[in-house]
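Shown next: input_19.cif, given as mmCIF, C-alpha atoms and all ligand atoms.
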data_protein
loop_
_atom_site.label_atom_id
_atom_site.label_comp_id
_atom_site.auth_asym_id
_atom_site.auth_seq_id
_atom_site.Cartn_x
_atom_site.Cartn_y
_atom_site.Cartn_z
CA MET Z 17 0.94 22.13 -10.84
CA LYS Z 18 3.85 19.68 -10.81
CA THR Z 19 3.77 16.45 -12.79
CA PRO Z 20 4.01 13.17 -10.81
CA GLU Z 21 7.68 12.86 -11.83
CA GLU Z 22 8.42 16.19 -10.13
CA ILE Z 23 6.93 15.06 -6.82
CA THR Z 24 9.37 13.49 -4.40
CA VAL Z 25 8.32 10.72 -2.03
CA CYS Z 26 10.76 10.18 0.81
CA LYS Z 27 11.29 9.27 4.44
CA VAL Z 28 10.95 12.17 6.90
CA GLU Z 29 14.51 12.20 8.26
CA HIS Z 30 14.10 15.02 10.77
CA GLU Z 31 10.88 15.62 12.67
CA ASP Z 32 11.94 19.19 13.28
CA ALA Z 33 9.83 22.30 13.89
CA ALA Z 34 9.60 23.15 10.17
CA TRP Z 35 8.30 19.67 9.31
CA LYS Z 36 5.92 19.68 12.29
CA ALA Z 37 4.35 22.97 11.18
CA ARG Z 38 3.82 21.66 7.65
CA PHE Z 39 2.50 18.34 9.03
CA LEU Z 40 -0.06 20.12 11.22
CA ALA Z 41 -1.15 22.36 8.33
CA PHE Z 42 -1.51 19.35 6.02
CA PHE Z 43 -3.70 17.47 8.50
CA SER Z 44 -5.66 20.47 9.81
CA GLY Z 45 -9.34 19.50 9.97
CA CYS Z 46 -8.46 15.77 9.91
CA ASP Z 47 -8.88 13.55 12.91
CA ILE Z 48 -5.30 12.34 12.75
CA LYS Z 49 -3.84 10.40 15.64
CA LYS Z 50 -0.32 11.19 16.79
CA VAL Z 51 1.96 8.15 16.90
CA GLY Z 52 3.33 9.24 20.27
CA ARG Z 53 6.45 7.47 21.50
CA LYS Z 54 6.01 4.32 19.41
CA ALA Z 55 8.87 3.46 17.07
CA HIS Z 56 7.79 4.93 13.75
CA THR Z 57 8.83 6.42 10.42
CA TYR Z 58 6.91 9.07 8.53
CA PHE Z 59 6.94 9.33 4.74
CA ALA Z 60 5.95 12.43 2.82
CA ALA Z 61 5.31 13.45 -0.77
CA TYR Z 62 6.69 16.91 -1.56
CA SER Z 63 5.82 19.25 -4.38
CA GLY Z 64 8.72 21.65 -3.92
CA GLU Z 65 8.58 22.55 -0.22
CA GLU Z 66 4.88 21.76 0.12
CA ILE Z 67 3.69 18.50 1.68
CA VAL Z 68 1.09 17.02 -0.68
CA GLY Z 69 0.92 13.49 0.74
CA HIS Z 70 1.75 11.93 4.07
CA SER Z 71 1.75 8.58 5.84
CA VAL Z 72 3.36 6.66 8.66
CA VAL Z 73 4.36 3.17 9.67
CA TYR Z 74 4.79 2.35 13.35
CA PHE Z 75 5.63 -0.62 15.56
CA GLU Z 76 3.20 -1.45 18.37
CA ASN Z 77 2.51 -4.58 20.40
CA GLY Z 78 4.77 -6.64 18.17
CA ARG Z 79 3.12 -5.48 14.95
CA TRP Z 80 4.13 -3.11 12.16
CA VAL Z 81 1.13 -0.94 11.33
CA MET Z 82 0.66 1.42 8.37
CA ASP Z 83 -1.50 4.45 9.12
CA GLY Z 84 -2.31 8.09 8.37
CA LEU Z 85 -2.35 7.88 4.56
CA ARG Z 86 -3.62 11.07 3.00
CA VAL Z 87 -3.01 12.81 -0.32
CA ASN Z 88 -3.96 16.44 -0.93
CA PRO Z 89 -7.16 16.42 -3.11
CA GLU Z 90 -5.45 18.34 -5.91
CA PHE Z 91 -2.78 15.64 -6.16
CA ARG Z 92 -4.98 12.54 -6.08
CA GLU Z 93 -5.13 9.84 -8.76
CA MET Z 94 -1.49 10.49 -9.69
CA GLY Z 95 -0.14 7.39 -7.94
CA LEU Z 96 1.13 9.18 -4.82
CA ALA Z 97 -0.70 6.92 -2.34
CA LYS Z 98 0.78 3.97 -4.16
CA ARG Z 99 4.29 5.45 -3.94
CA LEU Z 100 3.83 6.27 -0.23
CA THR Z 101 2.56 2.75 0.42
CA GLU Z 102 5.41 1.10 -1.47
CA ALA Z 103 7.97 3.26 0.34
CA ARG Z 104 6.49 2.21 3.72
CA LEU Z 105 6.30 -1.45 2.75
CA ARG Z 106 9.91 -1.49 1.51
CA HIS Z 107 11.13 0.29 4.64
CA THR Z 108 9.23 -2.07 6.95
CA ILE Z 109 10.48 -5.14 5.11
CA GLU Z 110 14.03 -3.75 5.46
CA GLN Z 111 13.41 -3.63 9.23
CA GLY Z 112 12.80 -7.39 9.10
CA ALA Z 113 8.98 -7.40 9.21
CA LYS Z 114 7.37 -10.70 8.32
CA GLU Z 115 3.84 -9.26 8.52
CA ILE Z 116 2.50 -5.73 8.01
CA TRP Z 117 -0.91 -4.53 9.19
CA TYR Z 118 -3.34 -1.70 8.68
CA ALA Z 119 -6.86 -0.93 9.89
CA CYS Z 120 -9.64 0.65 7.91
CA GLU Z 121 -13.40 1.14 7.97
CA ASP Z 122 -15.45 -0.79 5.44
CA GLY Z 123 -16.64 2.40 3.74
CA ASN Z 124 -13.13 3.58 2.90
CA LEU Z 125 -13.06 1.83 -0.46
CA VAL Z 126 -10.31 3.87 -2.03
CA THR Z 127 -7.92 3.14 0.81
CA ILE Z 128 -8.82 -0.52 0.52
CA CYS Z 129 -7.96 -0.29 -3.19
CA CYS Z 130 -4.58 1.21 -2.31
CA HIS Z 131 -3.68 -1.72 -0.05
CA LEU Z 132 -5.47 -4.84 -1.28
CA ARG Z 133 -3.49 -4.83 -4.53
CA TYR Z 134 -0.44 -5.89 -2.49
CA GLY Z 135 -2.23 -8.91 -1.01
CA PHE Z 136 -3.48 -7.60 2.35
CA GLU Z 137 -6.19 -9.88 3.74
CA LYS Z 138 -8.86 -9.12 6.31
CA VAL Z 139 -7.89 -10.73 9.62
CA CYS Z 140 -9.43 -10.05 13.01
CA PRO Z 141 -6.54 -10.03 15.51
CA HIS Z 142 -6.80 -11.99 18.80
CA ASN Z 143 -7.60 -9.04 21.04
CA HIS Z 144 -10.03 -7.32 18.65
CA HIS Z 145 -13.72 -7.94 17.95
CA CYS Z 146 -14.36 -6.81 14.39
CA ASN Z 147 -17.93 -5.89 13.53
CA ALA Z 148 -19.68 -3.49 11.16
CA ALA Z 149 -19.12 -0.57 13.57
CA THR Z 150 -15.39 -1.13 14.12
CA MET Z 151 -12.31 -0.74 11.99
CA HIS Z 152 -11.25 -3.90 10.22
CA TRP Z 153 -7.70 -5.15 10.33
CA TYR Z 154 -5.79 -6.28 7.26
CA ARG Z 155 -2.53 -8.24 7.21
CA LEU Z 156 0.10 -8.62 4.52
CA LYS Z 157 2.44 -11.58 4.81
CA VAL Z 158 5.93 -10.92 3.47
CA THR Z 159 6.60 -13.87 1.19
CA PRO Z 160 8.73 -14.63 -1.89
CA ALA Z 161 5.48 -14.43 -3.90
CA LEU Z 162 5.12 -10.77 -2.85
CA PHE Z 163 8.56 -9.93 -4.24
CA LYS Z 164 7.84 -11.87 -7.42
CA LYS Z 165 4.70 -9.81 -8.03
CA PHE Z 166 6.18 -6.52 -6.76
CA PRO Z 167 9.99 -6.60 -7.28
CA VAL Z 168 10.06 -2.93 -6.20
CA LEU Z 169 9.38 -4.05 -2.60
CA LYS Z 170 12.50 -6.22 -2.38
CA PRO Z 171 15.03 -4.75 0.07
C1 LIG Z 201 -7.07 7.25 -0.47
C2 LIG Z 201 -6.06 8.24 -1.01
C3 LIG Z 201 -4.87 8.27 -0.07
C4 LIG Z 201 -5.62 7.79 -2.42
O1 LIG Z 201 -4.61 8.65 -2.86
P1 LIG Z 201 -4.16 8.75 -4.38
O2 LIG Z 201 -2.79 9.34 -4.41
O3 LIG Z 201 -5.20 9.44 -5.17
O4 LIG Z 201 -4.12 7.20 -4.82
P2 LIG Z 201 -3.28 6.61 -6.05
O5 LIG Z 201 -3.34 7.58 -7.20
O6 LIG Z 201 -1.94 6.16 -5.61
O7 LIG Z 201 -4.17 5.36 -6.42
C5 LIG Z 201 -3.93 4.07 -5.82
C6 LIG Z 201 -5.09 3.13 -6.15
O8 LIG Z 201 -6.25 3.54 -5.42
C7 LIG Z 201 -7.40 3.37 -6.22
N1 LIG Z 201 -8.02 4.68 -6.41
C8 LIG Z 201 -7.48 5.89 -6.14
N2 LIG Z 201 -8.39 6.87 -6.35
C9 LIG Z 201 -9.52 6.26 -6.76
C10 LIG Z 201 -10.83 6.73 -7.11
N3 LIG Z 201 -11.16 8.02 -7.07
N4 LIG Z 201 -11.76 5.80 -7.47
C11 LIG Z 201 -11.46 4.49 -7.50
N5 LIG Z 201 -10.24 3.98 -7.16
C12 LIG Z 201 -9.28 4.86 -6.81
C13 LIG Z 201 -6.94 2.73 -7.52
O9 LIG Z 201 -7.00 1.30 -7.33
C14 LIG Z 201 -5.50 3.15 -7.62
O10 LIG Z 201 -4.71 2.26 -8.31
P3 LIG Z 201 -4.66 2.24 -9.95
O11 LIG Z 201 -4.52 3.67 -10.37
O12 LIG Z 201 -3.44 1.42 -10.26
O13 LIG Z 201 -5.93 1.61 -10.37
C15 LIG Z 201 -6.68 9.67 -1.15
O14 LIG Z 201 -7.88 9.56 -1.90
C16 LIG Z 201 -6.98 10.32 0.20
O15 LIG Z 201 -6.12 10.95 0.77
N6 LIG Z 201 -8.20 10.18 0.67
C17 LIG Z 201 -8.57 10.71 1.98
C18 LIG Z 201 -7.97 9.80 3.03
C19 LIG Z 201 -8.26 10.26 4.41
O16 LIG Z 201 -9.31 10.79 4.66
N7 LIG Z 201 -7.30 9.98 5.30
C20 LIG Z 201 -7.49 10.24 6.69
C21 LIG Z 201 -6.59 11.34 7.16
S1 LIG Z 201 -7.36 12.92 7.07
#
Kindly transcribe the structure held in the file into structure tokens.
Amino acid sequence: MKTPEEITVCKVEHEDAAWKARFLAFFSGCDIKKVGRKAHTYFAAYSGEEIVGHSVVYFENGRWVMDGLRVNPEFREMGLAKRLTEARLRHTIEQGAKEIWYACEDGNLVTICCHLRYGFEKVCPHNHHCNAATMHWYRLKVTPALFKKFPVLKP
């Protein structure tokens, strides 16, 4: 197995047939939503040619939303979710985002751990009625304090 340093995290530049086949294999058995025609960018972690982590950020209804974060079980607790999250945050900030959102169920504690460290706060958006049975929305405001704490996110 590769060490974390040997795993590459990068933007998916071409959503071609080869990538699509690997994407579908990686998420087989997962209830993963397709982003459809929304403006979006996928990020992947590669061990050689194999996808071992994947995630997306998309723009919808005036909001940048991070979604679809998954790391292959054999490659967990190596910092890959963190690297995928930082790559998406940096990319989104480069696009001019002032706020970044994601939604998550209360039980998904590890995912919450992966995001809250950056300062995401639980916020119920105007058109949503958050309750115990729904996903909860979290918002990160892009501020100078964010860059001070996480210089790696600065464009
Ligand atoms: C959540 C998930 C993406 C984390 O991936 P990961 O690469 O292991 O996470 P990282 O190693 O980057 O860890 C990031 C932070 O998450 C937290 N964390 C990760 N694994 C944890 C664990 N087993 N227990 C407690 N905290 C954990 C820690 O706070 C960690 O930061 P730290 O190491 O600085 O303390 C991964 O567990 C996963 O893919 N889970 C399934 C997600 C899923 O079902 N997605 C839906 C699509 S099918």
Excluding range 120-124 of chain Z and residues on its chain fewer than 2 positions from it, collect all residues at most 7 Å away from it, counting all atoms listed in the file, and give them as a short mmCIF file (atom, residue, chain, number, x, y, z; two decimals) with C-alpha atoms, in the frame of the given file.
data_model
loop_
_atom_site.label_atom_id
_atom_site.label_comp_id
_atom_site.auth_asym_id
_atom_site.auth_seq_id
_atom_site.Cartn_x
_atom_site.Cartn_y
_atom_site.Cartn_z
CA TYR Z 118 -3.34 -1.70 8.68
CA VAL Z 126 -10.31 3.87 -2.03
CA THR Z 127 -7.92 3.14 0.81
CA ILE Z 128 -8.82 -0.52 0.52
CA THR Z 150 -15.39 -1.13 14.12
CA MET Z 151 -12.31 -0.74 11.99
CA HIS Z 152 -11.25 -3.90 10.22
CA TRP Z 153 -7.70 -5.15 10.33
#
- Query: Got a sec to check which residues lie within 8 Å of ligand LIG 201 (chain Z), using all atoms listed in the file, and send them as a ChimeraX atom specification?
  - Reply: /Z:43,45-48,69,84-89,91-100,124-131,133
Residues near range 106-110 of chain Z, anyone? I mean within 12 Å using all atoms listed in the file, not counting same-chain ones fewer than 5 positions away, as a PDB file with C-alpha atoms, in the coordinates of the input.
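As written to disk, out_32.pdb reads:
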ATOM      1  CA  CYS Z  26      10.760  10.180   0.810  1.00  0.00           C
ATOM      2  CA  LYS Z  27      11.290   9.270   4.440  1.00  0.00           C
ATOM      3  CA  ALA Z  55       8.870   3.460  17.070  1.00  0.00           C
ATOM      4  CA  HIS Z  56       7.790   4.930  13.750  1.00  0.00           C
ATOM      5  CA  THR Z  57       8.830   6.420  10.420  1.00  0.00           C
ATOM      6  CA  TYR Z  58       6.910   9.070   8.530  1.00  0.00           C
ATOM      7  CA  PHE Z  59       6.940   9.330   4.740  1.00  0.00           C
ATOM      8  CA  VAL Z  72       3.360   6.660   8.660  1.00  0.00           C
ATOM      9  CA  VAL Z  73       4.360   3.170   9.670  1.00  0.00           C
ATOM     10  CA  TYR Z  74       4.790   2.350  13.350  1.00  0.00           C
ATOM     11  CA  PHE Z  75       5.630  -0.620  15.560  1.00  0.00           C
ATOM     12  CA  ARG Z  79       3.120  -5.480  14.950  1.00  0.00           C
ATOM     13  CA  TRP Z  80       4.130  -3.110  12.160  1.00  0.00           C
ATOM     14  CA  VAL Z  81       1.130  -0.940  11.330  1.00  0.00           C
ATOM     15  CA  MET Z  82       0.660   1.420   8.370  1.00  0.00           C
ATOM     16  CA  ARG Z  99       4.290   5.450  -3.940  1.00  0.00           C
ATOM     17  CA  LEU Z 100       3.830   6.270  -0.230  1.00  0.00           C
ATOM     18  CA  THR Z 101       2.560   2.750   0.420  1.00  0.00           C
ATOM     19  CA  GLU Z 115       3.840  -9.260   8.520  1.00  0.00           C
ATOM     20  CA  ILE Z 116       2.500  -5.730   8.010  1.00  0.00           C
ATOM     21  CA  TRP Z 117      -0.910  -4.530   9.190  1.00  0.00           C
ATOM     22  CA  TYR Z 134      -0.440  -5.890  -2.490  1.00  0.00           C
ATOM     23  CA  LEU Z 156       0.100  -8.620   4.520  1.00  0.00           C
ATOM     24  CA  LYS Z 157       2.440 -11.580   4.810  1.00  0.00           C
ATOM     25  CA  VAL Z 158       5.930 -10.920   3.470  1.00  0.00           C
ATOM     26  CA  THR Z 159       6.600 -13.870   1.190  1.00  0.00           C
ATOM     27  CA  PRO Z 160       8.730 -14.630  -1.890  1.00  0.00           C
ATOM     28  CA  LEU Z 162       5.120 -10.770  -2.850  1.00  0.00           C
ATOM     29  CA  PHE Z 163       8.560  -9.930  -4.240  1.00  0.00           C
ATOM     30  CA  PHE Z 166       6.180  -6.520  -6.760  1.00  0.00           C
ATOM     31  CA  PRO Z 167       9.990  -6.600  -7.280  1.00  0.00           C
ATOM     32  CA  VAL Z 168      10.060  -2.930  -6.200  1.00  0.00           C
ATOM     33  CA  LEU Z 169       9.380  -4.050  -2.600  1.00  0.00           C
ATOM     34  CA  LYS Z 170      12.500  -6.220  -2.380  1.00  0.00           C
ATOM     35  CA  PRO Z 171      15.030  -4.750   0.070  1.00  0.00           C
TER      36      PRO Z 171
END
- Query: Nearest to Glu76 in chain Z: which of Z:Ala41, Z:Asn147, Z:Arg53, Z:Pro141 is it, counting all atoms listed in the file?
  - Reply: Z:Arg53
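In this structure, CA of Ala113 in chain Z sits 20.4 Å away from CA of Glu29 in chain Z.
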